[in-house]
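To start, the structure under review is shown below, and the notes come after it.
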Number of protein chains: 4
Amino acid sequence: MSDRSNNLSAVLYGAGDLRIEDRPVPVPAPGQVLVEIGAVGICGSDVHYYDHGRIGRYVVDSPMIVGHESAGTIVAVGENVSPDRIGQLVALEPGVPDRTCEQCLAGRYNLCPNVVFFATPPVDGSISRWVAIDQYFAHPAPDNLSVDEAAMAEPVSVGVWAAKKAEIRAGDRVLVTGAGPIGLFAAQVARAFGAKNITVTDVSVFRLAVARQLGFTAIAASDPLQSEFDVLLECSGAPSALSTGMLALAAAGRVVLVGMGVDTVSINVPLVQGKELTISGIFRYANTYPLALDLLASAAVTTELIVTHHFSLAETELALTLARRDPNALKAIVRPHS
Amino acid sequence: MSDRSNNLSAVLYGAGDLRIEDRPVPVPAPGQVLVEIGAVGICGSDVHYYDHGRIGRYVVDSPMIVGHESAGTIVAVGENVSPDRIGQLVALEPGVPDRTCEQCLAGRYNLCPNVVFFATPPVDGSISRWVAIDQYFAHPAPDNLSVDEAAMAEPVSVGVWAAKKAEIRAGDRVLVTGAGPIGLFAAQVARAFGAKNITVTDVSVFRLAVARQLGFTAIAASDPLQSEFDVLLECSGAPSALSTGMLALAAAGRVVLVGMGVDTVSINVPLVQGKELTISGIFRYANTYPLALDLLASAAVTTELIVTHHFSLAETELALTLARRDPNALKAIVRPHS
Amino acid sequence: MSDRSNNLSAVLYGAGDLRIEDRPVPVPAPGQVLVEIGAVGICGSDVHYYDHGRIGRYVVDSPMIVGHESAGTIVAVGENVSPDRIGQLVALEPGVPDRTCEQCLAGRYNLCPNVVFFATPPVDGSISRWVAIDQYFAHPAPDNLSVDEAAMAEPVSVGVWAAKKAEIRAGDRVLVTGAGPIGLFAAQVARAFGAKNITVTDVSVFRLAVARQLGFTAIAASDPLQSEFDVLLECSGAPSALSTGMLALAAAGRVVLVGMGVDTVSINVPLVQGKELTISGIFRYANTYPLALDLLASAAVTTELIVTHHFSLAETELALTLARRDPNALKAIVRPHS
Amino acid sequence: MSDRSNNLSAVLYGAGDLRIEDRPVPVPAPGQVLVEIGAVGICGSDVHYYDHGRIGRYVVDSPMIVGHESAGTIVAVGENVSPDRIGQLVALEPGVPDRTCEQCLAGRYNLCPNVVFFATPPVDGSISRWVAIDQYFAHPAPDNLSVDEAAMAEPVSVGVWAAKKAEIRAGDRVLVTGAGPIGLFAAQVARAFGAKNITVTDVSVFRLAVARQLGFTAIAASDPLQSEFDVLLECSGAPSALSTGMLALAAAGRVVLVGMGVDTVSINVPLVQGKELTISGIFRYANTYPLALDLLASAAVTTELIVTHHFSLAETELALTLARRDPNALKAIVRPHS
């Protein structure tokens, strides 16, 4: 176990202003564990905060540590936590809800209005050497997982939640628009749910090649879709992907809006009515980590080909700007202790 | 029982060209019943065909009898139908599916691609003195129903289907936008499903007054909504009603697009995602007639205040143009034998 | 507001040994409210503990306050609770879960293995003058409710949960076996959910008369059932009621085991398979209090005819032995301050 | 294509009296296809009719052709059927419903009271050289399937229907009691639905070995279950398997009664209530053939190790008595043209 003489962290001060700073090593409160962070994936939202200093109404108006796709090893526990957990590799579920509101009691804790979520202003994220978190949101990773894989339980959770919202069942034909990390994980989750004829579209030849290597049919976003689908997981955020994809849906088809990008999209009312389509959106996820970790452990979902780059803590800014420089980058991971 | 010396019918030849013509009295085929039609409600789609000669890709390019909200008395039966049914008051479910396709076998016969539906070109409708229909789509009306009420099982079915699609449960707070006949029936159905705080919006002071008389909270479409809802039944077809209504939905709210009017609507993606809303559309209905008739028989749904006008067969054109003349008209019924 | 010079409570020392004793007035912990208890209903489980000193593996081996169907007025609040709540009439949901386990996070907090539930050994119940409870489990009663009605939100919740588990929808035909308080509340809830042809069976002529007065068809348990049902809410605990009721179910019928009484029941496998019946059981309830209170406030569910007796705190033992003396007793309520 | 000079069939005259007889080659009616039967699996029900001359209220009181798990090649078509289907390998769904009743219209055609089902007295089965069947119940087999595999779409359909009834989702832990053909197919289907920790129990060492070869954990029925399950697919018909399996279920667990054998089983009421378990039964299947064929085509479900014996038409009686002679027999297939 490393010494805890510092807690260097990647702190965003505003658009384009990221600094590596020392922060106090947290002391785990009752019910919390202290995690030595081993890997943190860079998400589009981290990049967006870095580029713009805000996402919609969430504004970085005081310094905030970025990152929320994280995993590491428990090194200390607070009161009321079994010391047996020390040494455990865990995936950190980044949002801890209040557990008392109507949404929490109904099992929809992702919609809790009081959730405390990593790297959503003003809450600090997890590109830090040491992070304290509620014991129940530090999910034990199966033995065969690497810390990178455990960190990827976060974007895999998005795929799991999308597949659940779409009620994907064995035999469903699934279209995934957008072959970024989320789309590629979601497609793999759909396969694990028993989907067939899984087709992925994107504008990038590189990403389509990755989709193909992962075993999916891959089609350029501009090419016509020849077959019919039961489910559309829209992971690109592009309005044209949504409208094209919806036209390919069979009767009683389901759409889940996963990707973010534009504020409004147009939907074709006679199409939605005539085929009785259902459109829903997802906000983060609830109760997905155990399954996400299982899917990774059984290799039903792989991070290979998707985790394309690694950076040290000092290189966090490079990680945040990677996508500008390398169109073939998919997921970057920061290792806070390297 | 009237003699069957003629079968005068309301035949649409094209936009604005409606003629009362004699047609052969049908002979019920095996499995069919012959119904002496007592009442046919005028639907917005009938008016649209009269005004424009088409609805989207459905074009009146040969003469077509209009009307599909019908009820009457069985006067003869075909082979394989019990003669005991003669004399029965029945509500005619206007679409008979093929019963063999994937959609039919799955119980979604409303989505059958081969459905034969009254007054959808080139299929004749039911403003006729005598109509033959499949015995299973001539639903026996409970004893206490009038023929007008039985005919209203059609628009009530739309409300039932909307309520089922919205999965309305006891305690759900329901917003109905649009207080035409469909909206007013849907609101009553929602109440029968146990909904509470049912609120109806419209632009018409008259319609709002009717909504109030039926026991609902009624709010001008331009006024702000103060409370929160679990379900939005959009029955106006107005994009602004949809967008305003969606803003008033609680987490995990459901929207059903019932009204027709425009081809595309804009939806707010962060809203759909942030609250995990679900939007679906309905196309006609399936397996709703027995419940619709029950609700009418128990007075959980009333046609009073909604059926505002009656016309003889000869006055069918007046019925089709009523809405232009009388802004306070709601549902007109044609009596083919008067 | 009464003075808090004592906290007289009904304490069970073992089978047949109930004593009225003073206990310390609780100080509300952070997040808790202190309630001056106005009414506590006597449940069959209270009677069972009094008669036998145990229910299955739950044994009264140290003195325990009985009662869990309670309502009263908030008189003080702990830290982190709005003082505006003082003066509010509340219904006390008697089980507070741990909010951290898998069941809680999934929205099934009634199955929380660590729930702390009133009057389940060794947890004290609520026949006390003053009780402290988590603020979120003290549900505000609508203005028009009496304290008795608010207390009845507990057995009404059982009915709500049974109706939800049975997925009762408008138009479902419902059979309720057993016309005790639970059955009579469940039948009313089923009606509020839109059920029809609600039929109640019992062995008691008196209870059948009450069922009839509440508007239901009432049939002696020994008489044959002539009609078909979609749902059976088994509230009697009698194996014969279950087997008879199941025979009357239509295809795809649902059974919910609500009543307790015997450890095993026989089910007819070819019947369950041939009609594809579904049988489930309920354990308490989750997220039902707001709806239960609404149903009481709107008079969709009434406590009239069901609350038949009232007792002072000193008479608690009379309340617990009432059923032995008076076969026509239904629900007894103890008023701890009288 | 074979000549159609005879239609030798396996006709059961009563218990133990099976005769190979010539029957007229059917002429396909409008909407039907004529199938040259290539393979028919022997089901436990066929054996039961052979052994006892009846199953419950279904009595073989006139000669009946046995068999219903069949596949073959379309050799002729009736009116209203595309002649393009000639030459197609098809799996025959053995029950054709009336398509007009309430159950059919609701999508539950397996519960149709008027279904005509192969080898259910007095309806003839399919161990025949030529069989006519409704075109929509002759399901096209994917190209890579053998006729044996296509015939197995029937027992695989039972597994699909059980998995759907149990609502098996990715990550569910599934226990299958009984490792006969149905159990072994059901376990494979569960895996295709994303289940994990699939465990199969049986009393036969041989069957457990097969289960292990198929990749499942296999445990002797008499050994204790160490882990917890979300779903129990009871495929043995043994009451002890049901009671043992139910004890191993987690909160909110689901049981599906698939196996037949005894008329009544005892269920533990406090267990069903305390964990809110759900028990349902299945009767045949509906809308399962396309998925069953897909699962076979993708090798998600294999017939290897399960289809253990083949017989010619003349040997049908040997096929029906195989289980008595060979405890290690699983599925026998009769080839009517050999």
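A note on labels: chains of the structure tokens are A, B, ... as shown, every chain counts residues from 1, and ligands are counted from 1 in their shown order.
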Which of region 88-273 of chain D fall in alpha helix (DSSP H), as a PyMOL selection string: chain D and resi 102-105+147-151+153-165+181-192+205-213+239-247+269-273
Just-selected residues, C-alpha atoms written as a PDB file, in the first residue's frame:
ATOM      1  CA  GLU D 102     -60.698 -13.779 -26.258  1.00  0.00           C
ATOM      2  CA  GLN D 103     -57.459 -15.627 -25.508  1.00  0.00           C
ATOM      3  CA  CYS D 104     -56.317 -15.576 -29.127  1.00  0.00           C
ATOM      4  CA  LEU D 105     -57.081 -11.894 -29.558  1.00  0.00           C
ATOM      5  CA  VAL D 147     -34.514 -31.704 -39.701  1.00  0.00           C
ATOM      6  CA  ASP D 148     -33.799 -33.186 -36.255  1.00  0.00           C
ATOM      7  CA  GLU D 149     -32.863 -29.779 -34.914  1.00  0.00           C
ATOM      8  CA  ALA D 150     -35.957 -28.242 -36.474  1.00  0.00           C
ATOM      9  CA  ALA D 151     -38.112 -30.875 -34.792  1.00  0.00           C
ATOM     10  CA  ALA D 153     -37.948 -26.439 -31.831  1.00  0.00           C
ATOM     11  CA  GLU D 154     -40.914 -27.904 -29.973  1.00  0.00           C
ATOM     12  CA  PRO D 155     -39.233 -28.805 -26.667  1.00  0.00           C
ATOM     13  CA  VAL D 156     -36.989 -25.754 -27.039  1.00  0.00           C
ATOM     14  CA  SER D 157     -40.193 -23.714 -27.265  1.00  0.00           C
ATOM     15  CA  VAL D 158     -41.213 -25.070 -23.887  1.00  0.00           C
ATOM     16  CA  GLY D 159     -37.921 -23.772 -22.528  1.00  0.00           C
ATOM     17  CA  VAL D 160     -38.406 -20.403 -24.208  1.00  0.00           C
ATOM     18  CA  TRP D 161     -41.893 -20.087 -22.800  1.00  0.00           C
ATOM     19  CA  ALA D 162     -40.700 -21.052 -19.317  1.00  0.00           C
ATOM     20  CA  ALA D 163     -37.900 -18.486 -19.507  1.00  0.00           C
ATOM     21  CA  LYS D 164     -40.335 -15.810 -20.642  1.00  0.00           C
ATOM     22  CA  LYS D 165     -42.841 -16.688 -17.938  1.00  0.00           C
ATOM     23  CA  PRO D 181     -34.736 -33.070 -22.407  1.00  0.00           C
ATOM     24  CA  ILE D 182     -37.032 -30.237 -21.257  1.00  0.00           C
ATOM     25  CA  GLY D 183     -34.768 -29.292 -18.360  1.00  0.00           C
ATOM     26  CA  LEU D 184     -31.647 -29.435 -20.487  1.00  0.00           C
ATOM     27  CA  PHE D 185     -33.207 -27.306 -23.206  1.00  0.00           C
ATOM     28  CA  ALA D 186     -34.643 -24.887 -20.634  1.00  0.00           C
ATOM     29  CA  ALA D 187     -31.233 -24.467 -19.009  1.00  0.00           C
ATOM     30  CA  GLN D 188     -29.695 -23.648 -22.385  1.00  0.00           C
ATOM     31  CA  VAL D 189     -32.456 -21.158 -23.121  1.00  0.00           C
ATOM     32  CA  ALA D 190     -31.894 -19.532 -19.737  1.00  0.00           C
ATOM     33  CA  ARG D 191     -28.229 -19.127 -20.650  1.00  0.00           C
ATOM     34  CA  ALA D 192     -29.194 -17.535 -23.949  1.00  0.00           C
ATOM     35  CA  VAL D 205     -25.853 -39.537 -12.566  1.00  0.00           C
ATOM     36  CA  PHE D 206     -25.965 -39.871 -16.334  1.00  0.00           C
ATOM     37  CA  ARG D 207     -28.191 -36.841 -16.792  1.00  0.00           C
ATOM     38  CA  LEU D 208     -26.077 -34.787 -14.422  1.00  0.00           C
ATOM     39  CA  ALA D 209     -23.043 -35.693 -16.525  1.00  0.00           C
ATOM     40  CA  VAL D 210     -24.838 -34.460 -19.642  1.00  0.00           C
ATOM     41  CA  ALA D 211     -25.765 -31.240 -17.858  1.00  0.00           C
ATOM     42  CA  ARG D 212     -22.116 -30.757 -16.956  1.00  0.00           C
ATOM     43  CA  GLN D 213     -21.016 -31.394 -20.536  1.00  0.00           C
ATOM     44  CA  PRO D 239     -42.769 -32.295  -5.403  1.00  0.00           C
ATOM     45  CA  SER D 240     -39.538 -32.567  -3.447  1.00  0.00           C
ATOM     46  CA  ALA D 241     -37.633 -30.759  -6.189  1.00  0.00           C
ATOM     47  CA  LEU D 242     -40.116 -27.924  -5.984  1.00  0.00           C
ATOM     48  CA  SER D 243     -39.972 -27.587  -2.215  1.00  0.00           C
ATOM     49  CA  THR D 244     -36.190 -27.859  -2.071  1.00  0.00           C
ATOM     50  CA  GLY D 245     -35.759 -25.452  -4.939  1.00  0.00           C
ATOM     51  CA  MET D 246     -38.085 -22.872  -3.467  1.00  0.00           C
ATOM     52  CA  LEU D 247     -36.063 -22.804  -0.261  1.00  0.00           C
ATOM     53  CA  VAL D 269     -47.090 -20.049   2.655  1.00  0.00           C
ATOM     54  CA  PRO D 270     -44.777 -18.119   5.011  1.00  0.00           C
ATOM     55  CA  LEU D 271     -41.945 -18.710   2.526  1.00  0.00           C
ATOM     56  CA  VAL D 272     -43.967 -17.423  -0.428  1.00  0.00           C
ATOM     57  CA  GLN D 273     -45.102 -14.432   1.607  1.00  0.00           C
TER      58      GLN D 273
END
Using only C-alpha atoms, I'd like a table of the residues in chain D that come within 8 Å of chain B; for each, show the closest atom pair and its distance in Å rounded to one decimal, ordered by chain and ascending number, as a tab-separated table.
residue	atom	partner	partner_atom	distance
D:Arg99	CA	B:Arg99	CA	6.1
D:Thr100	CA	B:Tyr136	CA	6.8
D:Cys101	CA	B:Tyr136	CA	7.9
D:Cys104	CA	B:Leu105	CA	7.1
D:Leu105	CA	B:Gly107	CA	5.4
D:Ala106	CA	B:Gly107	CA	4.5
D:Gly107	CA	B:Gly107	CA	3.5
D:Arg108	CA	B:Gly107	CA	7.3
D:Tyr109	CA	B:Leu105	CA	7.2
D:Tyr136	CA	B:Thr100	CA	6.8
D:Asn287	CA	B:Ala106	CA	6.7
Residue contacts of Arg335 (chain D) (8 Å, only C-alpha atoms) excluding same-chain residues fewer than 3 positions away, as a PyMOL selection string: chain D and resi 37-40+310-313+338
With N, CA and C atoms kept, could you save the residues just selected as a PDB file, in the first residue's frame?
ATOM      1  N   ILE D  37     -42.870 -35.329 -43.609  1.00  0.00           N
ATOM      2  CA  ILE D  37     -42.295 -35.307 -42.264  1.00  0.00           C
ATOM      3  C   ILE D  37     -40.943 -36.012 -42.252  1.00  0.00           C
ATOM      4  N   GLY D  38     -39.947 -35.344 -41.711  1.00  0.00           N
ATOM      5  CA  GLY D  38     -38.603 -35.915 -41.669  1.00  0.00           C
ATOM      6  C   GLY D  38     -38.202 -36.432 -40.301  1.00  0.00           C
ATOM      7  N   ALA D  39     -38.737 -35.826 -39.257  1.00  0.00           N
ATOM      8  CA  ALA D  39     -38.336 -36.220 -37.903  1.00  0.00           C
ATOM      9  C   ALA D  39     -39.442 -35.858 -36.923  1.00  0.00           C
ATOM     10  N   VAL D  40     -39.679 -36.779 -35.994  1.00  0.00           N
ATOM     11  CA  VAL D  40     -40.651 -36.501 -34.926  1.00  0.00           C
ATOM     12  C   VAL D  40     -40.040 -36.959 -33.609  1.00  0.00           C
ATOM     13  N   HIS D 310     -32.389 -42.751 -32.517  1.00  0.00           N
ATOM     14  CA  HIS D 310     -33.218 -42.591 -33.714  1.00  0.00           C
ATOM     15  C   HIS D 310     -33.903 -43.909 -34.042  1.00  0.00           C
ATOM     16  N   PHE D 311     -35.098 -43.808 -34.568  1.00  0.00           N
ATOM     17  CA  PHE D 311     -35.862 -45.002 -34.939  1.00  0.00           C
ATOM     18  C   PHE D 311     -36.551 -44.791 -36.285  1.00  0.00           C
ATOM     19  N   SER D 312     -36.781 -45.912 -36.965  1.00  0.00           N
ATOM     20  CA  SER D 312     -37.592 -45.841 -38.194  1.00  0.00           C
ATOM     21  C   SER D 312     -39.070 -45.825 -37.798  1.00  0.00           C
ATOM     22  N   LEU D 313     -39.908 -45.574 -38.767  1.00  0.00           N
ATOM     23  CA  LEU D 313     -41.347 -45.568 -38.485  1.00  0.00           C
ATOM     24  C   LEU D 313     -41.786 -46.914 -37.900  1.00  0.00           C
ATOM     25  N   SER D 338     -38.054 -43.578 -42.884  1.00  0.00           N
ATOM     26  CA  SER D 338     -37.010 -44.608 -42.866  1.00  0.00           C
ATOM     27  C   SER D 338     -37.563 -45.840 -42.168  1.00  0.00           C
TER      28      SER D 338
END
Point-to-point distance from CA of Asp124 (chain A) to CA of Asn80 (chain A), Å rounded to tenths: 24.2 Å
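Rounded to one decimal, CA of Arg19 (chain C) and CA of Asn328 (chain C) lie 26.2 Å from each other.
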Surrounding residues of Lys196 (chain B) excluding itself and chain neighbours under 3 positions, 6 Å, only C-alpha atoms, as a ChimeraX atom specification: /B:171-173
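The shell of residues at most 7 Å from Trp130 (chain C), with only C-alpha atoms counted and near chain neighbours (fewer than 3 positions) removed, consists of C:Asn7, C:Val25, C:Leu34, C:Val35, C:Glu36, C:Ile37.
Residues with any atom within 7 Å of Ile267 (chain C), counting only C-alpha atoms and excluding same-chain neighbours fewer than 2 positions away, are Val265 and Val269 of chain C; Thr264, Val265 and Ser266 of chain D.
Going from CA of Ala314 (chain C) to CA of Val90 (chain C) covers 23.4 Å.
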Sel. of strand (DSSP E) residues, region 144-319 of chain A, as a ChimeraX atom specification: /A:173-177,196-202,217-220,229-234,249-257,264-268,278-281,307-312
